[in-house]
$ cat run39.tsv   # TSV, C-alpha atoms
chain	number	residue	atom	x	y	z
K	282	MET	CA	0.00	0.00	0.00
K	283	PRO	CA	1.42	3.44	-0.88
K	284	ILE	CA	2.42	5.59	2.10
K	285	TYR	CA	1.58	9.16	1.16
K	286	ASP	CA	3.57	10.89	3.87
K	287	GLY	CA	6.46	8.43	4.04
K	288	LYS	CA	9.96	8.20	2.68
K	289	VAL	CA	13.00	6.00	3.15
K	290	ASP	CA	16.51	7.35	3.53
K	291	LEU	CA	19.02	4.79	2.26
K	292	ARG	CA	22.69	4.80	3.19
K	293	VAL	CA	25.31	2.37	1.93
K	294	VAL	CA	28.27	2.17	4.30
K	295	THR	CA	31.27	-0.05	4.79
K	296	SER	CA	30.25	-2.79	7.19
K	297	PRO	CA	31.77	-2.79	10.70
K	298	LEU	CA	32.48	-6.46	9.98
K	299	TYR	CA	33.90	-5.83	6.53
K	300	THR	CA	36.64	-7.94	5.03
K	301	LEU	CA	38.70	-6.85	2.07
K	302	ASP	CA	40.06	-8.68	-0.93
K	303	VAL	CA	42.58	-6.33	-2.53
K	304	LYS	CA	45.32	-6.61	-5.07
K	305	ALA	CA	48.86	-6.58	-3.73
K	306	ASN	CA	50.92	-3.37	-3.88
K	307	LYS	CA	47.84	-1.25	-4.56
K	308	ALA	CA	46.80	1.70	-2.39
K	309	ASN	CA	43.07	1.83	-1.68
K	310	PHE	CA	40.87	4.44	0.00
K	311	ILE	CA	37.44	3.29	1.16
K	312	PRO	CA	35.08	5.97	2.55
K	313	ASP	CA	32.81	5.22	5.50
K	314	THR	CA	29.71	6.20	3.49
K	315	LEU	CA	29.68	4.84	-0.04
K	316	TRP	CA	26.33	6.27	-1.19
K	317	GLN	CA	23.06	7.71	0.07
K	318	THR	CA	19.69	8.62	-1.37
K	319	SER	CA	16.10	9.34	-0.35
K	320	VAL	CA	13.12	7.45	-1.79
K	321	SER	CA	9.50	8.64	-1.62
K	322	LEU	CA	6.83	5.98	-1.05
K	323	ALA	CA	3.97	8.25	-2.10
K	324	ASP	CA	3.19	6.41	-5.33
K	325	VAL	CA	4.39	2.86	-4.69
K	326	ALA	CA	4.09	0.19	-2.02
K	327	GLU	CA	7.62	-1.05	-2.68
K	328	LYS	CA	10.51	0.11	-4.80
K	329	GLU	CA	13.59	-1.59	-6.19
K	330	ILE	CA	16.79	0.43	-5.81
K	331	VAL	CA	19.79	-0.28	-8.01
K	332	LEU	CA	23.13	0.58	-6.45
K	333	PRO	CA	25.45	2.21	-9.00
K	334	ASP	CA	28.64	0.22	-9.46
K	335	SER	CA	30.60	3.48	-9.48
K	336	ILE	CA	30.23	3.78	-5.68
K	337	PHE	CA	32.46	0.75	-5.12
K	338	PRO	CA	36.25	1.10	-5.39
K	339	ALA	CA	37.72	-0.81	-8.31
K	340	ASP	CA	39.56	-4.10	-7.81
K	341	ILE	CA	38.32	-4.54	-4.24
K	342	GLY	CA	36.02	-7.17	-2.80
K	343	LEU	CA	34.32	-6.06	0.40
K	344	THR	CA	31.32	-6.43	2.68
K	345	PHE	CA	29.01	-3.42	2.91
K	346	ARG	CA	25.84	-2.56	4.80
K	347	ALA	CA	22.67	-1.00	3.36
K	348	ILE	CA	20.74	0.92	6.04
K	349	GLY	CA	17.16	1.96	5.30
K	350	THR	CA	15.44	4.44	7.62
K	351	TYR	CA	11.69	4.99	7.25
K	352	LEU	CA	10.45	8.44	8.28
K	353	SER	CA	6.83	9.60	8.41
K	354	SER	CA	5.28	13.04	8.90
K	355	ASP	CA	4.31	12.15	12.49
K	356	ASN	CA	7.95	11.33	13.34
K	357	GLU	CA	7.60	7.56	13.19
K	358	ARG	CA	11.05	6.11	12.57
K	359	ILE	CA	11.93	2.51	11.65
K	360	GLU	CA	15.43	1.38	10.69
K	361	ARG	CA	16.52	-1.86	9.04
K	362	SER	CA	19.92	-2.96	7.75
K	363	LEU	CA	21.25	-5.65	5.43
K	364	ASP	CA	24.84	-6.87	5.02
K	365	LEU	CA	25.88	-7.62	1.44
K	366	ASN	CA	29.05	-8.56	-0.42
K	367	ILE	CA	30.71	-7.41	-3.61
K	368	LEU	CA	33.27	-9.88	-4.86
K	369	ASN	CA	36.58	-9.36	-6.58
K	370	SER	CA	36.70	-13.03	-7.42
K	371	GLU	CA	34.50	-15.76	-8.84
K	372	LYS	CA	35.22	-17.75	-5.66
K	373	GLU	CA	33.75	-17.07	-2.22
K	374	ILE	CA	33.65	-18.56	1.28
K	375	ARG	CA	30.53	-17.85	3.32
K	376	ILE	CA	30.24	-18.21	7.09
K	377	ALA	CA	26.86	-17.94	8.86
K	378	VAL	CA	26.77	-18.06	12.68
K	379	LYS	CA	23.59	-19.30	14.35
K	380	ASP	CA	22.70	-21.23	17.53
K	381	GLY	CA	26.35	-21.54	18.54
K	382	HIS	CA	27.30	-23.14	15.22
K	383	ALA	CA	28.99	-21.90	12.06
K	384	GLU	CA	27.64	-22.95	8.67
K	385	LEU	CA	30.54	-23.03	6.20
K	386	LYS	CA	30.03	-22.99	2.42
K	387	TYR	CA	32.20	-22.51	-0.66
K	388	PHE	CA	30.86	-20.90	-3.86
K	389	GLU	CA	32.10	-20.55	-7.41
K	390	LYS	CA	30.24	-18.09	-9.64
K	391	GLY	CA	27.46	-18.00	-7.06
K	392	VAL	CA	26.95	-21.79	-7.00
K	393	ALA	CA	27.70	-23.82	-3.86
K	394	MET	CA	30.44	-26.37	-4.53
K	395	PRO	CA	31.94	-29.18	-2.43
K	396	THR	CA	35.57	-28.69	-1.46
K	397	THR	CA	38.04	-29.10	1.39
K	398	ALA	CA	39.09	-26.38	3.82
K	399	GLN	CA	41.12	-25.59	6.91
K	400	LEU	CA	39.22	-24.25	9.93
K	401	MET	CA	40.95	-22.33	12.72
K	402	LYS	CA	39.32	-21.28	15.99
K	403	LEU	CA	41.15	-18.46	17.78
K	404	GLY	CA	40.89	-17.24	21.36
K	405	GLU	CA	40.93	-13.84	23.04
K	406	HIS	CA	44.59	-13.15	22.24
K	407	ARG	CA	44.45	-14.87	18.85
K	408	GLU	CA	45.88	-18.03	20.37
K	409	MET	CA	44.99	-21.17	18.45
K	410	LEU	CA	42.24	-23.10	20.24
K	411	LYS	CA	41.79	-25.69	17.52
K	412	THR	CA	42.63	-26.27	13.87
K	413	GLU	CA	41.16	-28.95	11.66
K	414	ASN	CA	40.77	-29.96	8.03
K	415	LEU	CA	37.23	-30.61	6.88
K	416	SER	CA	34.97	-30.77	3.86
K	417	LEU	CA	32.57	-28.03	2.79
K	418	PRO	CA	29.67	-27.49	3.15
K	419	ASN	CA	29.80	-28.17	6.87
K	420	LEU	CA	28.16	-27.21	10.16
K	421	VAL	CA	30.58	-26.92	13.09
K	422	SER	CA	30.08	-26.03	16.74
K	423	ILE	CA	31.82	-22.95	18.12
K	424	PRO	CA	33.45	-23.16	21.57
K	425	TRP	CA	32.30	-20.32	23.81
K	426	GLN	CA	35.95	-19.34	24.40
K	427	ALA	CA	36.52	-18.59	20.70
K	428	GLU	CA	36.56	-14.97	19.53
K	429	GLU	CA	37.33	-15.54	15.85
K	430	ILE	CA	37.02	-18.32	13.31
K	431	VAL	CA	39.03	-18.45	10.08
K	432	VAL	CA	38.33	-20.64	7.05
K	433	LYS	CA	40.91	-21.15	4.28
K	434	SER	CA	40.17	-22.91	1.01
K	435	ASN	CA	41.35	-22.74	-2.62
K	436	GLY	CA	43.57	-19.73	-1.99
K	437	LEU	CA	40.84	-17.78	-0.15
K	438	SER	CA	40.64	-16.82	3.52
K	439	LYS	CA	37.49	-15.69	5.36
K	440	SER	CA	37.22	-14.73	9.03
K	441	VAL	CA	34.36	-13.85	11.37
K	442	TYR	CA	34.74	-11.98	14.66
K	443	LEU	CA	32.28	-13.61	17.03
K	444	GLU	CA	32.00	-10.69	19.45
K	445	ASP	CA	30.17	-8.79	16.69
K	446	GLN	CA	27.41	-11.40	16.45
K	447	GLU	CA	24.28	-9.68	17.78
K	448	GLN	CA	21.89	-12.61	17.36
K	449	ALA	CA	21.26	-14.69	20.49
K	450	GLN	CA	22.97	-18.09	20.32
K	451	LEU	CA	20.51	-19.76	22.70
K	452	ASN	CA	16.88	-20.51	21.84
K	453	TYR	CA	14.34	-20.53	24.65
K	454	ARG	CA	10.64	-20.58	25.49
K	455	PHE	CA	9.31	-18.82	28.59
K	456	TYR	CA	5.55	-19.15	28.95
K	457	ARG	CA	2.70	-19.63	31.38
K	458	THR	CA	-0.04	-22.26	31.54
K	459	ALA	CA	-3.08	-22.37	33.81
K	460	ASP	CA	-1.02	-23.45	36.84
K	461	SER	CA	2.66	-23.34	35.82
K	462	VAL	CA	5.46	-21.19	34.45
K	463	ILE	CA	7.82	-23.05	32.10
K	464	LEU	CA	11.34	-22.17	30.97
K	465	HIS	CA	12.85	-24.35	28.24
K	466	VAL	CA	16.30	-23.60	26.81
K	467	ASN	CA	17.35	-25.24	23.54
K	468	ASN	CA	21.14	-25.13	23.35
K	469	PRO	CA	22.51	-27.29	20.48
K	470	ALA	CA	26.08	-26.03	20.97
K	471	MET	CA	25.98	-26.78	24.73
K	472	ILE	CA	27.12	-23.27	25.68
K	473	PRO	CA	27.22	-22.97	29.50
K	474	PHE	CA	24.75	-20.40	30.84
K	475	TRP	CA	23.46	-18.96	34.09
K	476	TYR	CA	19.76	-18.40	34.63
K	477	ARG	CA	17.45	-16.79	37.16
K	478	VAL	CA	13.66	-16.86	37.42
K	479	HIS	CA	11.90	-14.18	39.48
K	480	ARG	CA	8.37	-13.93	40.88
K	481	ALA	CA	7.21	-10.49	41.99
K	482	GLY	CA	10.85	-9.37	42.04
K	483	ARG	CA	12.11	-12.28	44.19
K	484	THR	CA	14.38	-15.04	42.87
K	485	ILE	CA	12.65	-18.43	42.95
K	486	ALA	CA	15.16	-20.44	40.88
K	487	SER	CA	18.70	-20.09	39.57
K	488	GLY	CA	21.49	-22.26	38.29
K	489	TYR	CA	24.30	-22.97	35.84
K	490	HIS	CA	23.52	-25.41	33.03
K	491	THR	CA	23.96	-26.32	29.37
K	492	THR	CA	20.35	-27.52	29.00
K	493	LEU	CA	17.19	-26.61	30.89
K	494	ASN	CA	13.55	-27.62	30.97
K	495	SER	CA	12.03	-26.42	34.23
K	496	LYS	CA	8.49	-25.95	35.47
K	497	PHE	CA	7.46	-23.73	38.39
K	498	LEU	CA	4.12	-23.63	40.17
K	499	ALA	CA	2.32	-20.40	39.25
K	500	ARG	CA	0.67	-18.83	42.27
K	501	GLY	CA	-1.82	-15.99	42.33
K	502	LYS	CA	-1.53	-13.01	40.04
K	503	ASP	CA	2.17	-12.33	40.44
K	504	GLY	CA	4.24	-11.58	37.36
K	505	TYR	CA	7.35	-13.57	36.47
K	506	SER	CA	10.60	-12.68	34.74
K	507	MET	CA	13.73	-14.53	33.71
K	508	GLU	CA	17.33	-13.75	32.84
K	509	ILE	CA	19.82	-15.91	30.95
K	510	THR	CA	23.51	-14.97	30.83
K	511	TYR	CA	26.19	-16.69	28.77
K	512	LEU	CA	29.61	-16.03	27.24
K	513	PHE	CA	30.11	-16.02	23.48
K	514	GLY	CA	32.85	-14.46	21.40
K	515	GLY	CA	34.58	-13.17	24.53
K	516	LYS	CA	31.55	-11.11	25.58
K	517	SER	CA	28.83	-11.58	28.16
K	518	LYS	CA	25.40	-11.89	26.53
K	519	VAL	CA	22.14	-11.36	28.43
K	520	ILE	CA	18.62	-12.46	27.50
K	521	GLN	CA	15.73	-11.05	29.55
K	522	GLU	CA	11.97	-11.46	29.33
K	523	GLU	CA	8.97	-10.42	31.40
K	524	LEU	CA	5.92	-12.65	31.85
K	525	PRO	CA	3.14	-10.55	33.42
K	526	TYR	CA	-0.09	-12.02	34.71
K	527	VAL	CA	-2.87	-11.63	32.13
K	528	GLU	CA	-6.36	-12.40	33.40
K	529	LYS	CA	-8.13	-11.76	30.11
K	530	ASN	CA	-6.89	-11.46	26.55
K	531	LEU	CA	-8.39	-9.05	24.04
K	532	ASN	CA	-8.14	-10.02	20.38
K	533	LEU	CA	-8.76	-7.15	17.98
K	534	ALA	CA	-9.16	-7.55	14.22
K	535	VAL	CA	-9.48	-4.54	11.91
K	536	ASN	CA	-11.11	-4.87	8.49
K	537	THR	CA	-10.62	-1.94	6.15
K	538	ALA	CA	-9.75	-1.09	2.58
K	539	THR	CA	-6.16	-1.83	1.56
K	540	THR	CA	-5.79	1.55	-0.19
K	541	VAL	CA	-7.31	4.90	0.77
K	542	TYR	CA	-6.40	8.01	-1.22
K	543	PRO	CA	-6.34	11.53	0.24
K	544	GLY	CA	-9.90	12.86	0.47
K	545	GLN	CA	-11.51	9.42	0.41
K	546	LYS	CA	-13.32	7.76	3.31
K	547	ALA	CA	-13.44	4.10	4.28
K	548	ASP	CA	-15.44	2.09	6.80
K	549	VAL	CA	-13.42	0.39	9.54
$ encode --input "run39.tsv" --output "structure tokens"
Amino acid sequence: MPIYDGKVDLRVVTSPLYTLDVKANKANFIPDTLWQTSVSLADVAEKEIVLPDSIFPADIGLTFRAIGTYLSSDNERIERSLDLNILNSEKEIRIAVKDGHAELKYFEKGVAMPTTAQLMKLGEHREMLKTENLSLPNLVSIPWQAEEIVVKSNGLSKSVYLEDQEQAQLNYRFYRTADSVILHVNNPAMIPFWYRVHRAGRTIASGYHTTLNSKFLARGKDGYSMEITYLFGGKSKVIQEELPYVEKNLNLAVNTATTVYPGQKADV
């Protein structure tokens, strides 16, 4: 649906996690902001934006971040970002970190290909925690002590700094039934974690585990909260959630026209 008072400001910047693939003996200058523009959404519900290739330095492969900021006339602001790559080679190693694991893949001309690689896991002071030879694609667990992983294959090298991973590496469910409060932690990588469960501000359970599936008797109308703390990439990560008492739920459904132009009226 068109947004008649909305626009999106788009900035293309060098990623804080960027890696470079440059030619030897060549000086390169890479600005922090590669490009920016503003897009009106008055006439369209969505718009494709083509990034000009002239904004990227020649003979350099790098990771960049596109940041879109939605602004409305009533000061509503929503920001989203996307990390992308521009390659200086037909070959590429991709590393995706999720749930305490690293998914490793090798590509040629954009197509995933099987190959062999060397994997190195480095600690806080870049000391070698473990090195191994393996086949790609592969899914490997990441020790909580590691701060960087490096993959080398077919003359390429790709590294990921784990302290920059913002996504939680533990999955959990914290919910309430008619008579119980349940906390279930799914931890495929077996990352050690501390947890606390509170009722009305008082701690009713705590511990140090790698897995957890606990049930607590829910009494009265008190609210509950929980906190999970773990180490990953050399940093302490904290997950918190509130579980207030809800006596009645209100479900609201709104039926209206998908498009309303200025001056028109619609029944809701």
$ closest_residue --input "run39.tsv" --among "K:Ile430, K:Ala486, K:Ile367, K:Ala449" --to "Thr412 of chain K" --atoms "only C-alpha atoms"
K:Ile430
$ atom_distance --input "run39.tsv" --atom1 "atom CA of Tyr526 of chain K" --atom2 "atom CA of Gly504 of chain K"
5.1 Å
$ atom_distance --input "run39.tsv" --atom1 "atom CA of Gln521 of chain K" --atom2 "atom CA of Ser506 of chain K"
7.5 Å
$ residues_around --input "run39.tsv" --residues "segment 438-446 of chain K" --least-positions-apart "2" --cutoff "8 Å" --atoms "all atoms listed in the file" --output "list in words"
Leu298, Thr300, Ile374, Arg375, Ile376, Val378, Ala427, Glu428, Glu429, Ile430, Val431, Val432, Lys433, Ser434, Gly436, Gln448, Phe513, Gly514, Gly515 and Lys516 of chain K
$ closest_residue --input "run39.tsv" --among "K:Lys390, K:Thr458, K:Val466, K:Val519" --to "Arg500 of chain K" --atoms "all atoms listed in the file"
K:Thr458
$ closest_residue --input "run39.tsv" --among "K:Leu415, K:His382, K:Thr318, K:Val294" --to "Leu365 of chain K" --atoms "all atoms listed in the file"
K:Val294
$ residues_near_point --input "run39.tsv" --point "(41.6, -32.2, 8.8)" --cutoff "12 Å" --atoms "only C-alpha atoms" --output "ChimeraX atom specification"
/K:397-401,411-417,433
$ residues_around --input "run39.tsv" --residues "Asn467 of chain K" --least-positions-apart "4" --cutoff "10 Å" --atoms "all atoms listed in the file" --output "PyMOL selection string"
chain K and resi 380+450-454+471+491-494
$ atom_distance --input "run39.tsv" --atom1 "atom CA of Ile463 of chain K" --atom2 "atom CA of Trp425 of chain K"
26.0 Å
$ decode --input "run39.tsv" --residues "segment 499-534 of chain K" --atoms "N, CA and C atoms" --output "PDB file, in the first residue's frame"
ATOM      1  N   ALA K 499       2.757 -21.794  39.364  1.00  0.00           N
ATOM      2  CA  ALA K 499       2.320 -20.403  39.254  1.00  0.00           C
ATOM      3  C   ALA K 499       1.274 -20.118  40.321  1.00  0.00           C
ATOM      4  N   ARG K 500       1.559 -19.153  41.171  1.00  0.00           N
ATOM      5  CA  ARG K 500       0.668 -18.834  42.274  1.00  0.00           C
ATOM      6  C   ARG K 500       0.113 -17.426  42.123  1.00  0.00           C
ATOM      7  N   GLY K 501      -1.188 -17.302  42.312  1.00  0.00           N
ATOM      8  CA  GLY K 501      -1.816 -15.991  42.332  1.00  0.00           C
ATOM      9  C   GLY K 501      -1.641 -15.224  41.038  1.00  0.00           C
ATOM     10  N   LYS K 502      -1.602 -13.903  41.191  1.00  0.00           N
ATOM     11  CA  LYS K 502      -1.532 -13.015  40.036  1.00  0.00           C
ATOM     12  C   LYS K 502      -0.180 -12.333  39.903  1.00  0.00           C
ATOM     13  N   ASP K 503       0.838 -12.922  40.529  1.00  0.00           N
ATOM     14  CA  ASP K 503       2.174 -12.332  40.439  1.00  0.00           C
ATOM     15  C   ASP K 503       2.737 -12.478  39.027  1.00  0.00           C
ATOM     16  N   GLY K 504       3.530 -11.494  38.622  1.00  0.00           N
ATOM     17  CA  GLY K 504       4.236 -11.579  37.357  1.00  0.00           C
ATOM     18  C   GLY K 504       5.574 -12.284  37.528  1.00  0.00           C
ATOM     19  N   TYR K 505       6.079 -12.851  36.448  1.00  0.00           N
ATOM     20  CA  TYR K 505       7.353 -13.567  36.466  1.00  0.00           C
ATOM     21  C   TYR K 505       8.307 -12.918  35.461  1.00  0.00           C
ATOM     22  N   SER K 506       9.585 -13.134  35.679  1.00  0.00           N
ATOM     23  CA  SER K 506      10.603 -12.677  34.736  1.00  0.00           C
ATOM     24  C   SER K 506      11.767 -13.649  34.786  1.00  0.00           C
ATOM     25  N   MET K 507      12.562 -13.639  33.746  1.00  0.00           N
ATOM     26  CA  MET K 507      13.727 -14.527  33.713  1.00  0.00           C
ATOM     27  C   MET K 507      14.902 -13.804  33.073  1.00  0.00           C
ATOM     28  N   GLU K 508      16.091 -14.300  33.388  1.00  0.00           N
ATOM     29  CA  GLU K 508      17.329 -13.747  32.845  1.00  0.00           C
ATOM     30  C   GLU K 508      18.291 -14.893  32.557  1.00  0.00           C
ATOM     31  N   ILE K 509      18.824 -14.921  31.348  1.00  0.00           N
ATOM     32  CA  ILE K 509      19.818 -15.914  30.949  1.00  0.00           C
ATOM     33  C   ILE K 509      21.093 -15.169  30.564  1.00  0.00           C
ATOM     34  N   THR K 510      22.218 -15.592  31.123  1.00  0.00           N
ATOM     35  CA  THR K 510      23.508 -14.967  30.835  1.00  0.00           C
ATOM     36  C   THR K 510      24.486 -16.037  30.358  1.00  0.00           C
ATOM     37  N   TYR K 511      25.210 -15.735  29.277  1.00  0.00           N
ATOM     38  CA  TYR K 511      26.192 -16.686  28.770  1.00  0.00           C
ATOM     39  C   TYR K 511      27.337 -15.926  28.113  1.00  0.00           C
ATOM     40  N   LEU K 512      28.443 -16.612  27.892  1.00  0.00           N
ATOM     41  CA  LEU K 512      29.606 -16.031  27.239  1.00  0.00           C
ATOM     42  C   LEU K 512      29.694 -16.553  25.811  1.00  0.00           C
ATOM     43  N   PHE K 513      29.932 -15.621  24.875  1.00  0.00           N
ATOM     44  CA  PHE K 513      30.109 -16.018  23.479  1.00  0.00           C
ATOM     45  C   PHE K 513      30.945 -14.957  22.787  1.00  0.00           C
ATOM     46  N   GLY K 514      31.981 -15.402  22.095  1.00  0.00           N
ATOM     47  CA  GLY K 514      32.854 -14.463  21.402  1.00  0.00           C
ATOM     48  C   GLY K 514      33.593 -13.532  22.337  1.00  0.00           C
ATOM     49  N   GLY K 515      33.846 -13.991  23.574  1.00  0.00           N
ATOM     50  CA  GLY K 515      34.578 -13.166  24.526  1.00  0.00           C
ATOM     51  C   GLY K 515      33.741 -12.107  25.208  1.00  0.00           C
ATOM     52  N   LYS K 516      32.428 -12.099  24.969  1.00  0.00           N
ATOM     53  CA  LYS K 516      31.549 -11.107  25.579  1.00  0.00           C
ATOM     54  C   LYS K 516      30.426 -11.784  26.349  1.00  0.00           C
ATOM     55  N   SER K 517      29.981 -11.101  27.399  1.00  0.00           N
ATOM     56  CA  SER K 517      28.830 -11.580  28.156  1.00  0.00           C
ATOM     57  C   SER K 517      27.550 -11.175  27.430  1.00  0.00           C
ATOM     58  N   LYS K 518      26.666 -12.136  27.198  1.00  0.00           N
ATOM     59  CA  LYS K 518      25.395 -11.892  26.525  1.00  0.00           C
ATOM     60  C   LYS K 518      24.261 -12.127  27.523  1.00  0.00           C
ATOM     61  N   VAL K 519      23.250 -11.274  27.483  1.00  0.00           N
ATOM     62  CA  VAL K 519      22.142 -11.363  28.431  1.00  0.00           C
ATOM     63  C   VAL K 519      20.819 -11.404  27.670  1.00  0.00           C
ATOM     64  N   ILE K 520      19.971 -12.361  28.037  1.00  0.00           N
ATOM     65  CA  ILE K 520      18.615 -12.465  27.500  1.00  0.00           C
ATOM     66  C   ILE K 520      17.650 -12.245  28.660  1.00  0.00           C
ATOM     67  N   GLN K 521      16.703 -11.340  28.495  1.00  0.00           N
ATOM     68  CA  GLN K 521      15.731 -11.053  29.545  1.00  0.00           C
ATOM     69  C   GLN K 521      14.320 -11.056  28.964  1.00  0.00           C
ATOM     70  N   GLU K 522      13.369 -11.507  29.767  1.00  0.00           N
ATOM     71  CA  GLU K 522      11.970 -11.463  29.327  1.00  0.00           C
ATOM     72  C   GLU K 522      11.053 -11.358  30.537  1.00  0.00           C
ATOM     73  N   GLU K 523       9.997 -10.573  30.378  1.00  0.00           N
ATOM     74  CA  GLU K 523       8.966 -10.418  31.402  1.00  0.00           C
ATOM     75  C   GLU K 523       7.762 -11.281  31.037  1.00  0.00           C
ATOM     76  N   LEU K 524       7.114 -11.830  32.056  1.00  0.00           N
ATOM     77  CA  LEU K 524       5.917 -12.649  31.849  1.00  0.00           C
ATOM     78  C   LEU K 524       4.847 -12.167  32.829  1.00  0.00           C
ATOM     79  N   PRO K 525       4.146 -11.090  32.492  1.00  0.00           N
ATOM     80  CA  PRO K 525       3.142 -10.548  33.420  1.00  0.00           C
ATOM     81  C   PRO K 525       1.909 -11.443  33.498  1.00  0.00           C
ATOM     82  N   TYR K 526       1.162 -11.277  34.566  1.00  0.00           N
ATOM     83  CA  TYR K 526      -0.091 -12.018  34.707  1.00  0.00           C
ATOM     84  C   TYR K 526      -1.158 -11.353  33.847  1.00  0.00           C
ATOM     85  N   VAL K 527      -1.810 -12.140  33.002  1.00  0.00           N
ATOM     86  CA  VAL K 527      -2.869 -11.632  32.128  1.00  0.00           C
ATOM     87  C   VAL K 527      -4.137 -12.410  32.436  1.00  0.00           C
ATOM     88  N   GLU K 528      -5.115 -11.713  33.016  1.00  0.00           N
ATOM     89  CA  GLU K 528      -6.356 -12.396  33.401  1.00  0.00           C
ATOM     90  C   GLU K 528      -7.260 -12.620  32.201  1.00  0.00           C
ATOM     91  N   LYS K 529      -7.295 -11.644  31.302  1.00  0.00           N
ATOM     92  CA  LYS K 529      -8.130 -11.762  30.114  1.00  0.00           C
ATOM     93  C   LYS K 529      -7.357 -11.237  28.914  1.00  0.00           C
ATOM     94  N   ASN K 530      -7.518 -11.902  27.790  1.00  0.00           N
ATOM     95  CA  ASN K 530      -6.892 -11.464  26.549  1.00  0.00           C
ATOM     96  C   ASN K 530      -7.926 -10.809  25.652  1.00  0.00           C
ATOM     97  N   LEU K 531      -7.523  -9.742  24.994  1.00  0.00           N
ATOM     98  CA  LEU K 531      -8.387  -9.054  24.039  1.00  0.00           C
ATOM     99  C   LEU K 531      -7.799  -9.223  22.652  1.00  0.00           C
ATOM    100  N   ASN K 532      -8.549  -9.867  21.770  1.00  0.00           N
ATOM    101  CA  ASN K 532      -8.138 -10.021  20.381  1.00  0.00           C
ATOM    102  C   ASN K 532      -8.895  -9.012  19.534  1.00  0.00           C
ATOM    103  N   LEU K 533      -8.162  -8.209  18.783  1.00  0.00           N
ATOM    104  CA  LEU K 533      -8.759  -7.148  17.981  1.00  0.00           C
ATOM    105  C   LEU K 533      -8.380  -7.346  16.523  1.00  0.00           C
ATOM    106  N   ALA K 534      -9.389  -7.428  15.661  1.00  0.00           N
ATOM    107  CA  ALA K 534      -9.161  -7.549  14.222  1.00  0.00           C
ATOM    108  C   ALA K 534      -9.772  -6.340  13.536  1.00  0.00           C
TER     109      ALA K 534
END
